[in-house]
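Asks: Just so it is clear, I am handing over final.txt, which has compact mmCIF, C-alpha atoms.
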```
# COMPACT_ATOMS: atom_id res chain seq x y z
CA MET A 265 87.88 124.83 108.38
CA GLU A 266 87.70 121.01 108.48
CA ARG A 267 85.52 121.19 111.60
CA ILE A 268 83.16 123.64 109.87
CA PHE A 269 82.98 121.30 106.87
CA ASN A 270 82.07 118.34 109.10
CA ILE A 271 79.36 120.32 110.87
CA PHE A 272 78.11 121.53 107.48
CA THR A 273 77.88 117.94 106.17
CA VAL A 274 76.14 116.52 109.25
CA TYR A 275 73.71 119.44 109.35
CA SER A 276 72.84 119.04 105.67
CA LEU A 277 72.40 115.27 105.97
CA ALA A 278 70.17 115.68 109.02
CA CYS A 279 67.91 118.08 107.11
CA VAL A 280 67.43 115.44 104.41
CA PHE A 281 67.12 112.41 106.68
CA LEU A 282 64.98 113.59 109.59
CA PRO A 283 61.69 114.17 107.70
CA CYS A 284 62.11 110.77 106.01
CA LEU A 285 62.86 109.05 109.32
CA LEU A 286 59.73 110.58 110.82
CA TYR A 287 57.72 109.27 107.88
CA GLN A 288 59.25 105.81 108.32
CA PHE A 289 58.41 105.81 112.01
CA ILE A 290 54.76 106.58 111.26
CA VAL A 291 54.56 103.92 108.55
CA VAL A 292 56.19 101.22 110.69
CA TYR A 293 54.17 102.15 113.77
CA ARG A 294 50.87 101.99 111.91
CA GLY A 295 51.88 98.75 110.24
CA ARG A 296 52.82 97.09 113.51
CA LYS A 297 49.54 98.15 115.09
CA GLU A 298 47.88 96.00 112.44
CA GLY A 299 50.21 93.09 113.11
CA LYS A 300 52.47 93.67 110.09
CA GLN A 301 56.20 92.96 110.11
CA CYS A 302 59.11 95.03 108.92
CA ARG A 303 62.81 94.19 108.67
CA ALA A 304 65.73 96.58 108.55
CA VAL A 305 67.27 95.32 105.29
CA TYR A 306 64.66 97.09 103.22
CA PHE A 307 65.33 100.42 104.95
CA ILE A 308 69.06 100.13 104.31
CA TRP A 309 68.30 100.57 100.62
CA ILE A 310 66.12 103.56 101.47
CA TYR A 311 69.05 105.15 103.33
CA ILE A 312 71.36 104.48 100.38
CA PHE A 313 68.79 106.19 98.16
CA LEU A 314 68.58 109.17 100.53
CA VAL A 315 72.35 109.54 100.64
CA TYR A 316 72.33 109.65 96.86
CA VAL A 317 69.57 112.28 96.88
CA TRP A 318 71.55 114.34 99.41
CA MET A 319 74.66 114.15 97.22
CA VAL A 320 72.68 115.41 94.21
CA LEU A 321 71.21 118.28 96.22
CA ASP A 322 74.67 119.14 97.51
CA VAL A 323 76.31 119.05 94.07
CA THR A 324 73.57 121.00 92.31
CA GLY A 325 73.30 123.57 95.08
CA ILE A 326 69.53 123.92 95.34
CA GLY A 327 67.97 127.17 96.44
CA LEU A 328 66.89 127.29 100.07
CA LEU A 329 64.36 129.10 102.18
CA ALA A 330 67.38 130.88 103.64
CA ASP A 331 68.05 132.30 100.16
CA VAL A 332 64.43 133.39 99.77
CA LEU A 333 64.53 135.25 103.10
CA ARG A 334 67.73 137.14 102.33
CA THR A 335 67.17 140.87 101.97
CA ASP A 336 70.51 141.71 100.35
CA ILE A 337 69.73 139.97 97.04
CA PRO A 338 66.70 139.94 94.69
CA LEU A 339 64.18 137.16 95.30
CA ILE A 340 64.70 135.79 91.78
CA SER A 341 68.45 136.04 91.37
CA GLY A 342 69.00 133.25 88.84
CA GLY A 343 68.52 133.22 85.09
CA VAL A 344 66.29 131.19 82.78
CA ASN A 345 67.37 129.29 79.68
CA LEU A 346 64.50 127.76 77.73
CA LYS A 347 66.44 127.22 74.50
CA PRO A 348 67.19 123.48 74.28
CA PHE A 349 70.67 122.22 73.43
CA SER A 350 72.14 125.72 73.57
CA ASP A 351 75.15 124.68 75.63
CA ILE A 352 76.04 121.04 75.09
CA GLY A 353 79.36 120.11 76.61
CA ILE A 354 80.96 118.22 79.46
CA GLY A 355 78.42 119.70 81.88
CA TYR A 356 75.60 118.11 79.93
CA VAL A 357 77.30 114.72 80.05
CA LEU A 358 77.95 115.06 83.78
CA ASN A 359 74.28 115.84 84.38
CA ILE A 360 73.34 112.66 82.51
CA ILE A 361 75.75 110.61 84.63
CA MET A 362 74.51 112.24 87.84
CA CYS A 363 70.95 111.00 87.32
CA MET A 364 71.77 107.50 86.11
CA PRO A 365 71.82 106.11 89.69
CA LEU A 366 68.33 107.56 90.18
CA GLY A 367 67.04 105.65 87.16
CA PHE A 368 68.63 102.48 88.53
CA LEU A 369 67.62 102.82 92.20
CA LEU A 370 63.97 103.71 91.60
CA PRO A 371 62.98 100.39 89.97
CA PHE A 372 65.50 98.45 92.05
CA ILE A 373 63.93 99.53 95.34
CA TRP A 374 60.29 100.13 94.40
CA LYS A 375 58.03 97.92 92.34
CA GLU A 376 55.81 100.91 91.54
CA CYS A 377 58.72 102.45 89.57
CA ARG A 378 59.27 99.48 87.28
CA ASP A 379 57.25 101.20 84.60
CA VAL A 380 59.75 103.23 82.58
CA ARG A 381 57.28 106.09 82.16
CA LYS A 382 56.82 106.46 85.91
CA ALA A 383 60.55 106.25 86.64
CA VAL A 384 61.36 108.89 84.03
CA LEU A 385 58.50 111.09 85.24
CA ILE A 386 59.85 110.99 88.79
CA GLY A 387 63.30 111.86 87.47
CA ALA A 388 61.81 114.81 85.57
CA LEU A 389 59.95 115.99 88.69
CA PHE A 390 63.11 115.76 90.79
CA SER A 391 65.11 117.70 88.21
CA MET A 392 62.42 120.36 87.76
CA LEU A 393 62.20 121.00 91.50
CA ILE A 394 65.96 121.46 91.64
CA GLU A 395 65.91 123.83 88.67
CA VAL A 396 63.10 125.96 90.10
CA THR A 397 64.79 126.37 93.48
CA GLN A 398 68.01 127.45 91.79
CA LEU A 399 66.27 130.66 90.75
CA PHE A 400 66.72 131.78 94.36
CA ASN A 401 70.51 131.43 94.59
CA PHE A 402 72.10 132.96 91.48
CA ARG A 403 71.88 129.76 89.49
CA SER A 404 69.50 129.26 86.60
CA LEU A 405 66.54 127.25 85.44
CA ASP A 406 68.11 125.52 82.45
CA ILE A 407 66.16 123.35 80.02
CA ASP A 408 69.42 121.59 79.10
CA ASP A 409 69.91 120.45 82.70
CA LEU A 410 66.35 119.12 82.71
CA THR A 411 66.75 117.15 79.46
CA ALA A 412 70.13 115.78 80.58
CA ASN A 413 68.70 114.61 83.90
CA ILE A 414 65.76 112.95 82.17
CA CYS A 415 68.16 111.19 79.79
CA GLY A 416 70.27 110.07 82.75
CA THR A 417 67.22 108.67 84.55
CA PHE A 418 66.17 106.78 81.43
CA LEU A 419 69.66 105.34 80.90
CA GLY A 420 69.80 104.26 84.54
CA TYR A 421 66.48 102.49 84.10
CA VAL A 422 67.81 100.75 80.98
CA ILE A 423 70.84 99.56 82.94
CA TRP A 424 68.56 98.18 85.65
CA LYS A 425 66.49 96.44 82.99
CA VAL A 426 69.58 94.85 81.44
CA PHE A 427 70.80 93.68 84.84
CA THR A 428 67.44 92.11 85.63
CA LYS A 429 67.69 90.15 82.40
CA LEU A 430 71.17 88.96 83.42
CA PHE A 431 70.58 88.32 87.12
CA GLY A 432 66.82 87.88 87.33
CA GLU A 433 65.06 88.36 90.65
CA HIS A 434 68.25 89.31 92.50
CA LEU A 435 67.76 92.87 91.27
CA LYS A 436 64.09 93.03 92.21
CA THR A 437 64.24 93.57 95.93
CA ASP A 438 60.99 95.31 96.60
CA THR A 439 57.52 93.85 96.42
CA VAL A 440 55.26 91.27 94.87
CA GLU A 441 51.53 91.40 95.43
CA ILE A 442 49.98 88.55 97.38
CA ASP A 443 46.46 89.90 97.95
CA ASP A 444 44.52 93.13 98.11
CA LEU A 445 45.61 93.99 101.64
CA GLU A 446 49.36 93.71 101.83
CA LEU A 447 52.66 93.51 99.98
CA VAL A 448 55.56 91.23 100.71
CA VAL A 449 59.19 91.92 99.98
CA ALA A 450 61.05 88.87 98.72
CA THR A 451 64.37 89.65 100.37
CA CYS A 452 63.34 91.95 103.23
CA GLU A 453 59.97 90.47 104.15
CA ILE A 454 58.38 93.83 104.83
CA ARG A 455 54.63 93.52 105.21
CA LEU A 456 52.66 96.75 105.25
CA PRO A 457 49.17 97.69 104.05
CA LYS A 458 49.15 99.04 100.50
CA GLN A 459 47.72 102.39 101.52
CA TYR A 460 50.84 103.03 103.63
CA VAL A 461 53.37 102.35 100.89
CA LYS A 462 51.80 103.67 97.69
CA GLY A 463 53.82 106.48 96.13
CA ARG A 464 56.80 105.96 98.44
CA ALA A 465 59.48 107.01 95.96
CA VAL A 466 57.88 110.41 95.39
CA ILE A 467 57.21 110.83 99.10
CA TYR A 468 60.85 110.22 100.01
CA LEU A 469 62.07 112.60 97.31
CA LEU A 470 59.68 115.35 98.35
CA LEU A 471 60.42 114.92 102.06
CA ALA A 472 64.19 114.99 101.43
CA MET A 473 64.00 118.11 99.29
CA THR A 474 61.54 119.83 101.61
CA GLY A 475 63.76 119.15 104.61
CA GLU A 476 66.79 120.59 102.84
CA PHE A 477 64.86 123.59 101.51
CA LEU A 478 63.19 124.52 104.80
CA PHE A 479 65.75 123.70 107.44
CA PHE A 480 69.21 123.97 105.91
CA ASN A 481 70.81 127.39 106.36
CA PRO A 482 74.53 127.44 105.45
CA TYR A 483 74.81 131.10 106.43
CA LEU A 484 74.51 130.12 110.10
CA LEU A 485 77.92 128.43 109.91
CA PHE A 486 79.87 131.47 108.81
```
Have the structure of the file written as structure tokens, please.
Replies:
Amino acid sequence: MERIFNIFTVYSLACVFLPCLLYQFIVVYRGRKEGKQCRAVYFIWIYIFLVYVWMVLDVTGIGLLADVLRTDIPLISGGVNLKPFSDIGIGYVLNIIMCMPLGFLLPFIWKECRDVRKAVLIGALFSMLIEVTQLFNFRSLDIDDLTANICGTFLGYVIWKVFTKLFGEHLKTDTVEIDDLELVVATCEIRLPKQYVKGRAVIYLLLAMTGEFLFFNPYLLF
């Protein structure tokens, strides 16, 4: 059983990581062709972010393509709850806590997410995608989960904002603009053309979720 669990974990992580690693390879390769530099420190934070995303996907149990293709259950097997605040309890609080790291990591890693509206919008998109996929695996699309996750993202952003007031630039690791052609990271010194890095947070989230949805099939292990 322990061996199956280890295989299960590695397989799931690989599904999340591999599409993102391919994207990174393309970005770095194109950047280096133009004489840009990239250091590994920046990508360490990306990997921390991806591990967090994987943990959320694992805990929430998103629906998979493998669920969609099953013939022994209805395609839409989950329920729908569109009545807000119908079941407020410990689960609601846990959903808030679960998304607080997202609200912190988004502005911490990416300058483009230092607008609270954008950070919260990305959190809402992430939560909505999870909720929709859960219709395929006996879970439910629950408006309470969505509102809790949005609240968690917002609180995480507030915590990041407070920490930046206390510790200043030490919690702003991503980018500052130096001209119209490139960005420079203060601590990681990553230099890539803007067109290669715009929208990175959303790209990583979508690639991670797409990899898990398309390629992960837990039924193969049993």
Asks: Would you list the contacts of stretch 340-354 of chain A as a list in words, taking every protein, DNA or RNA residue within 7 Å and counting only C-alpha atoms, but skipping same-chain residues closer than 4 positions in sequence?
Replies: Leu358, Gln398, Leu399, Phe400, Asn401, Phe402, Arg403, Ser404, Leu405, Asp406, Ile407 and Asp408 of chain A
Asks: Neighbours of stretch 319-330 of chain A within 8 Å (all atoms listed in the file; same-chain residues fewer than 5 positions away dropped), as an NGL selection string?
Replies: :A and (362 or 394-395 or 397-401 or 473 or 476-481 or 483)
Asks: Env of A:Tyr356: 9 Å cut, atoms = only C-alpha atoms, seq-sep filter 6 positions within chain, self excluded. Answer as a list in words.
Replies: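 Near neighbours after the sequence-gap exclusion: Asp408, Asp409, Thr411, Ala412 and Asn413 of chain A.
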Asks: Export C-alpha atoms of the chosen residues as a compact mmCIF listing (two decimals), keeping the file's coordinate frame?
Replies:
```txt
# COMPACT_ATOMS: atom_id res chain seq x y z
CA ASP A 408 69.42 121.59 79.10
CA ASP A 409 69.91 120.45 82.70
CA THR A 411 66.75 117.15 79.46
CA ALA A 412 70.13 115.78 80.58
CA ASN A 413 68.70 114.61 83.90
```
Asks: Could you pull the residues within 8 Å of A:Gly475, counting all atoms listed in the file, minus those fewer than 6 positions along the same chain, as a count of residues only?
Replies: 5
Asks: What does the distance between atom CA of A:Leu314 and atom CA of A:Val466 come to in Å, to one decimal place?
Replies: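 Between these atoms lies a distance of 11.9 Å.
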Asks: To one decimal place in Å, what is the distance between atom CA of A:Ala304 and atom CA of A:Leu277?
Replies: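 About the pair atom CA of A:Ala304 and atom CA of A:Leu277: they are 20.0 Å apart.
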